[in-house]
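Single-structure report; data block below.
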Amino acid sequence: MNFILQHTNAKTNARAGLIITEHGVIETPIFIPVGTKGVVKAVHISELEKDIYAKIILSNTYHLYLRPGIEILERSGGLHNFSGWKYPILTDSGGFQLFSLSSNCKIKQEGVEFRSHIDGSKHFFSPEKIIDVQRSIGADIIMAFDECIPSNTNYEYAKKSLTLTENWLDRCLYRFARTKNKYGYSQSLFPIVHGCIYKDLRVKSAEYVASKMAEGNAIGGLSMGETKEKMYEIIEIVNSILPKDKPRYLMGVGTPENILEGIERGIDMFDCIMPTRNGRNGQLFTKMGVINIKNKKWATDFSPIEIKSELNIDKIYTKAYLHHLFFSNEILALQISSIHNLAFYLWLVKEARKHIIIEKFSTWKQKMLINIQNKL
RNA sequence: GGGUAGUUACCAGAGCGGUCAAAUGGGGCUGACUGUAAAUCAGCUGAAUAUAUCUACGGUGGUUCGAAUCCACCACUGCCCA
């Protein structure tokens, strides 16, 4: 994997670049649709490619390890072959699941003992195991094993957790350096900055991560309950330390606003479940603001989902029809909403990139923020 | 004609003397959702000049301190027998 920094905004830290992988080139800033179990829920691969213009998708080590399991992934020739997605893939390490499924986990220095949420069976994840599993999945970008903690964690635990995450990072790097890819193309390992909401821990972590000279770096443990202002502040601190010539990935974020603010502060990659999950739950992100399509007022609105959209799906279907599909419990409702929202997110970062390159990012961002945050 | 079971909020349906404006589903309304155990979850859903008021469990009348709940008659519905 290579990163070419093409342009940095004169007044802000917003950047435009290229991530070059063996499965394709990704223009940054980029949004990564989340496909936890090797599929972006309710979205077909051809839709990802032709309607959404997705360039890379994310899957999850924990979930794929439990199902379908490593053997099937290896026999299929890796996740690209297995899923049919021939463009870049990034896998999350499963660190987030230690947080979201924490009731099933016992975290130790050596690794994590956990019970499967599917059948309750006992398993053990070490940093080494996480690298091995990610080798078997075969994503282009793989993530270090980290502990993800909520923003209200006390300083003592956050400090202890960071030490653990740093120790795990070293073990991930060691294992990564001593293993090979399984399917003939290279993989890149991204370390993850932690430190909760504590500035000194974030600085320490960012310096530690930067010292590893990885091919790209991630910021984790944000939007875990802290205010957005706090999150932006931490992004600024961390990005002032992370190397400029490598891509910076803000994990799990976020709202369209979060993404624009992140881009302004020098983030190149984002992922979030929001466009898909919220879409499935009836929330649509549009250029004019947010729509809850289940609200009664849309039942008789026969205008397109998004006015002035080049997206086919927005031209074909009206708000009233989509409202009807939700109320009729039709699968197509989830498909349309997911495609629309992902296409909106990808459109947003593409426009951001365009405006960074022509040095009009700030004014464009201000204008966008006014519109996209409306509640329609 | 005889017998029998029923009639409860938008719908289905529990309640069978007080703690009932009435369980539970469904439907409807409104929120929430940030590296996905999420096509999920939460709240509201008789009215109001809204903390103990009114109107409501088919209708009318009665028993009782008190009735959706007991009694009488009436209306309607299902089933069975002629």
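Residue numbering restarts at 1 for every chain of the structure tokens, chains are lettered A, B, ... in their displayed order, and ligands are numbered from 1 as they appear.
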
Could you pull out the strand (DSSP E) residues of range 42-120 of chain A, going by DSSP on the backbone, and write them as a PDB file with N, CA, C and O atoms, in the first residue's frame?
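After the write, states.pdb holds the following:
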ATOM      1  N   ILE A  57     -14.478  -1.285   1.528  1.00  0.00           N
ATOM      2  CA  ILE A  57     -15.451  -1.600   2.572  1.00  0.00           C
ATOM      3  C   ILE A  57     -14.742  -2.193   3.785  1.00  0.00           C
ATOM      4  O   ILE A  57     -13.584  -2.624   3.697  1.00  0.00           O
ATOM      5  N   LEU A  58     -15.450  -2.203   4.890  1.00  0.00           N
ATOM      6  CA  LEU A  58     -14.879  -2.676   6.147  1.00  0.00           C
ATOM      7  C   LEU A  58     -15.585  -3.950   6.590  1.00  0.00           C
ATOM      8  O   LEU A  58     -16.801  -4.065   6.470  1.00  0.00           O
ATOM      9  N   SER A  59     -14.801  -4.894   7.104  1.00  0.00           N
ATOM     10  CA  SER A  59     -15.394  -6.076   7.727  1.00  0.00           C
ATOM     11  C   SER A  59     -14.777  -6.276   9.095  1.00  0.00           C
ATOM     12  O   SER A  59     -13.862  -5.555   9.475  1.00  0.00           O
ATOM     13  N   ASN A  60     -15.285  -7.257   9.793  1.00  0.00           N
ATOM     14  CA  ASN A  60     -14.877  -7.404  11.189  1.00  0.00           C
ATOM     15  C   ASN A  60     -14.278  -8.769  11.500  1.00  0.00           C
ATOM     16  O   ASN A  60     -14.884  -9.809  11.225  1.00  0.00           O
ATOM     17  N   ILE A  89     -10.417  -3.931   0.894  1.00  0.00           N
ATOM     18  CA  ILE A  89     -11.160  -4.242   2.120  1.00  0.00           C
ATOM     19  C   ILE A  89     -10.279  -3.885   3.306  1.00  0.00           C
ATOM     20  O   ILE A  89      -9.047  -4.046   3.253  1.00  0.00           O
ATOM     21  N   LEU A  90     -10.932  -3.399   4.362  1.00  0.00           N
ATOM     22  CA  LEU A  90     -10.239  -3.147   5.632  1.00  0.00           C
ATOM     23  C   LEU A  90     -10.932  -4.006   6.674  1.00  0.00           C
ATOM     24  O   LEU A  90     -12.158  -4.115   6.658  1.00  0.00           O
ATOM     25  N   THR A  91     -10.152  -4.651   7.529  1.00  0.00           N
ATOM     26  CA  THR A  91     -10.810  -5.365   8.630  1.00  0.00           C
ATOM     27  C   THR A  91     -10.487  -4.724   9.964  1.00  0.00           C
ATOM     28  O   THR A  91      -9.326  -4.420  10.255  1.00  0.00           O
ATOM     29  N   ASP A  92     -11.538  -4.544  10.752  1.00  0.00           N
ATOM     30  CA  ASP A  92     -11.343  -4.114  12.128  1.00  0.00           C
ATOM     31  C   ASP A  92     -10.933  -5.334  12.932  1.00  0.00           C
ATOM     32  O   ASP A  92     -11.326  -6.455  12.637  1.00  0.00           O
ATOM     33  N   CYS A 105     -16.643 -10.793  28.012  1.00  0.00           N
ATOM     34  CA  CYS A 105     -15.187 -10.752  27.868  1.00  0.00           C
ATOM     35  C   CYS A 105     -14.439 -10.657  29.181  1.00  0.00           C
ATOM     36  O   CYS A 105     -14.882 -10.002  30.120  1.00  0.00           O
ATOM     37  N   LYS A 106     -13.282 -11.293  29.200  1.00  0.00           N
ATOM     38  CA  LYS A 106     -12.333 -11.110  30.306  1.00  0.00           C
ATOM     39  C   LYS A 106     -11.029 -10.648  29.695  1.00  0.00           C
ATOM     40  O   LYS A 106     -10.379 -11.392  28.956  1.00  0.00           O
ATOM     41  N   ILE A 107     -10.639  -9.414  30.011  1.00  0.00           N
ATOM     42  CA  ILE A 107      -9.445  -8.840  29.400  1.00  0.00           C
ATOM     43  C   ILE A 107      -8.244  -9.060  30.301  1.00  0.00           C
ATOM     44  O   ILE A 107      -8.265  -8.733  31.484  1.00  0.00           O
ATOM     45  N   VAL A 112      -7.600 -11.787  25.375  1.00  0.00           N
ATOM     46  CA  VAL A 112      -8.978 -11.675  25.835  1.00  0.00           C
ATOM     47  C   VAL A 112      -9.677 -13.019  25.743  1.00  0.00           C
ATOM     48  O   VAL A 112      -9.686 -13.661  24.693  1.00  0.00           O
ATOM     49  N   GLU A 113     -10.240 -13.396  26.886  1.00  0.00           N
ATOM     50  CA  GLU A 113     -11.085 -14.593  26.908  1.00  0.00           C
ATOM     51  C   GLU A 113     -12.496 -14.132  26.675  1.00  0.00           C
ATOM     52  O   GLU A 113     -12.957 -13.210  27.354  1.00  0.00           O
ATOM     53  N   PHE A 114     -13.181 -14.745  25.749  1.00  0.00           N
ATOM     54  CA  PHE A 114     -14.556 -14.289  25.533  1.00  0.00           C
ATOM     55  C   PHE A 114     -15.444 -15.455  25.150  1.00  0.00           C
ATOM     56  O   PHE A 114     -14.970 -16.536  24.776  1.00  0.00           O
ATOM     57  N   ARG A 115     -16.720 -15.202  25.303  1.00  0.00           N
ATOM     58  CA  ARG A 115     -17.708 -16.183  24.890  1.00  0.00           C
ATOM     59  C   ARG A 115     -18.408 -15.671  23.649  1.00  0.00           C
ATOM     60  O   ARG A 115     -18.740 -14.502  23.556  1.00  0.00           O
TER      61      ARG A 115
END

Could you list the residues in chain B lying within 10 Å of chain A, using only C-alpha atoms (C1' of nucleotides), and format the result as a PyMOL selection string? chain B and resi 28-30+32-40

Could you tell me how far CA of Ile339 in chain A sits from CA of Gly282 in chain A, in Å to one decimal place? 12.4 Å

Interatomic distance (Å, one decimal) between CA of Thr318 in chain A and CA of Ser303 in chain A: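 Atom-to-atom, CA of Thr318 in chain A to CA of Ser303 in chain A, that is 5.3 Å.
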
A:Thr28, A:Ser136, A:Ser362, A:Ser186: which is nearest Glu71 in chain A, counting only C-alpha atoms?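 Closest candidate: A:Ser136.
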
Which of these residues is nearest to Ile130 in chain A, using only C-alpha atoms: A:Ile356, A:Ile293, A:Ile149, A:Leu64?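 Smallest distance to Ile130 in chain A is found for A:Leu64.
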
Mind checking DSSP for range 170-373 of chain A and telling me the helix (DSSP H, G or I) residues as a count of residues only? 105

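Residues in contact range of range 9-21 of chain B, defined as at most 9 Å between only C-alpha atoms (C1' of nucleotides), with sequence neighbours fewer than 2 positions away removed, read A23, U24, G25, G26, G27, G28, G46, A56, C57, U64, G66, A67, A68, U69 and C70 of chain B.
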
Mind dumping the selected residues with N, CA, C and O atoms (P, O5', C5', C4', C3', O3' and C1' of nucleotides) as a short mmCIF file (atom, residue, chain, number, x, y, z; two decimals), in the first residue's frame?
data_model
loop_
_atom_site.label_atom_id
_atom_site.label_comp_id
_atom_site.auth_asym_id
_atom_site.auth_seq_id
_atom_site.Cartn_x
_atom_site.Cartn_y
_atom_site.Cartn_z
P A B 23 -54.47 -2.02 29.86
"O5'" A B 23 -53.48 -3.27 30.03
"C5'" A B 23 -52.90 -3.54 31.30
"C4'" A B 23 -52.52 -4.99 31.41
"C3'" A B 23 -51.66 -5.53 30.27
"O3'" A B 23 -50.30 -5.17 30.44
"C1'" A B 23 -53.37 -7.06 30.75
P U B 24 -49.45 -4.67 29.20
"O5'" U B 24 -49.55 -5.90 28.19
"C5'" U B 24 -48.95 -7.15 28.49
"C4'" U B 24 -49.30 -8.15 27.41
"C3'" U B 24 -49.02 -7.67 25.99
"O3'" U B 24 -47.65 -7.84 25.65
"C1'" U B 24 -51.18 -8.61 26.08
P G B 25 -46.93 -6.86 24.67
"O5'" G B 25 -47.08 -7.64 23.30
"C5'" G B 25 -48.17 -7.37 22.53
"C4'" G B 25 -48.39 -8.41 21.49
"C3'" G B 25 -48.43 -7.69 20.14
"O3'" G B 25 -47.25 -7.93 19.40
"C1'" G B 25 -50.58 -8.51 20.69
P G B 26 -46.60 -6.65 18.68
"O5'" G B 26 -47.69 -6.28 17.58
"C5'" G B 26 -47.99 -7.20 16.54
"C4'" G B 26 -49.25 -6.81 15.82
"C3'" G B 26 -49.26 -5.41 15.24
"O3'" G B 26 -48.55 -5.34 14.02
"C1'" G B 26 -51.30 -5.81 16.33
P G B 27 -47.77 -4.00 13.64
"O5'" G B 27 -48.95 -2.94 13.45
"C5'" G B 27 -49.87 -3.08 12.36
"C4'" G B 27 -50.97 -2.06 12.50
"C3'" G B 27 -50.49 -0.62 12.61
"O3'" G B 27 -50.22 -0.08 11.33
"C1'" G B 27 -52.08 -1.03 14.29
P G B 28 -49.07 1.01 11.20
"O5'" G B 28 -49.64 2.24 12.03
"C5'" G B 28 -50.73 3.00 11.54
"C4'" G B 28 -51.08 4.07 12.53
"C3'" G B 28 -49.95 5.03 12.87
"O3'" G B 28 -49.85 6.05 11.90
"C1'" G B 28 -50.98 4.30 14.86
P G B 46 -55.34 5.95 25.56
"O5'" G B 46 -56.85 6.40 25.34
"C5'" G B 46 -57.42 6.39 24.04
"C4'" G B 46 -58.68 7.21 24.06
"C3'" G B 46 -58.50 8.67 24.46
"O3'" G B 46 -58.10 9.46 23.37
"C1'" G B 46 -60.30 7.74 25.67
P A B 56 -70.80 7.39 29.40
"O5'" A B 56 -69.82 6.66 28.38
"C5'" A B 56 -69.83 5.29 28.36
"C4'" A B 56 -68.57 4.75 27.73
"C3'" A B 56 -68.28 3.34 28.24
"O3'" A B 56 -69.06 2.41 27.51
"C1'" A B 56 -66.33 4.63 28.42
P C B 57 -70.21 1.63 28.35
"O5'" C B 57 -69.75 0.16 27.95
"C5'" C B 57 -68.37 -0.10 28.00
"C4'" C B 57 -68.04 -1.37 27.34
"C3'" C B 57 -68.76 -2.57 27.93
"O3'" C B 57 -68.90 -3.61 26.98
"C1'" C B 57 -66.47 -2.55 28.59
P U B 64 -79.82 -3.03 47.55
"O5'" U B 64 -78.24 -3.01 47.56
"C5'" U B 64 -77.50 -4.05 48.18
"C4'" U B 64 -76.04 -3.88 47.88
"C3'" U B 64 -75.46 -2.53 48.28
"O3'" U B 64 -75.18 -2.47 49.67
"C1'" U B 64 -74.70 -3.13 46.12
P G B 66 -73.94 1.91 46.16
"O5'" G B 66 -72.52 1.54 45.54
"C5'" G B 66 -71.68 2.57 45.02
"C4'" G B 66 -70.35 1.99 44.59
"C3'" G B 66 -70.43 0.94 43.49
"O3'" G B 66 -70.49 1.56 42.23
"C1'" G B 66 -69.02 0.18 45.23
P A B 67 -71.27 0.79 41.07
"O5'" A B 67 -70.33 -0.48 40.83
"C5'" A B 67 -69.02 -0.35 40.27
"C4'" A B 67 -68.87 -1.35 39.13
"C3'" A B 67 -69.67 -0.97 37.90
"O3'" A B 67 -68.96 -1.37 36.73
"C1'" A B 67 -70.46 -3.03 38.74
P A B 68 -68.03 -0.44 35.94
"O5'" A B 68 -67.69 -1.28 34.64
"C5'" A B 68 -68.60 -1.34 33.55
"C4'" A B 68 -68.46 -2.64 32.80
"C3'" A B 68 -68.87 -3.87 33.60
"O3'" A B 68 -70.24 -4.12 33.43
"C1'" A B 68 -66.73 -4.19 32.63
P U B 69 -70.96 -5.23 34.39
"O5'" U B 69 -70.27 -6.57 33.93
"C5'" U B 69 -70.63 -7.81 34.51
"C4'" U B 69 -69.41 -8.51 35.06
"C3'" U B 69 -69.67 -9.22 36.37
"O3'" U B 69 -69.52 -10.62 36.18
"C1'" U B 69 -67.62 -7.97 36.42
P C B 70 -70.79 -11.50 35.76
"O5'" C B 70 -71.81 -11.30 36.97
"C5'" C B 70 -71.77 -12.15 38.11
"C4'" C B 70 -72.99 -11.91 38.96
"C3'" C B 70 -74.30 -11.76 38.20
"O3'" C B 70 -74.86 -13.03 37.91
"C1'" C B 70 -74.12 -10.00 39.75
#
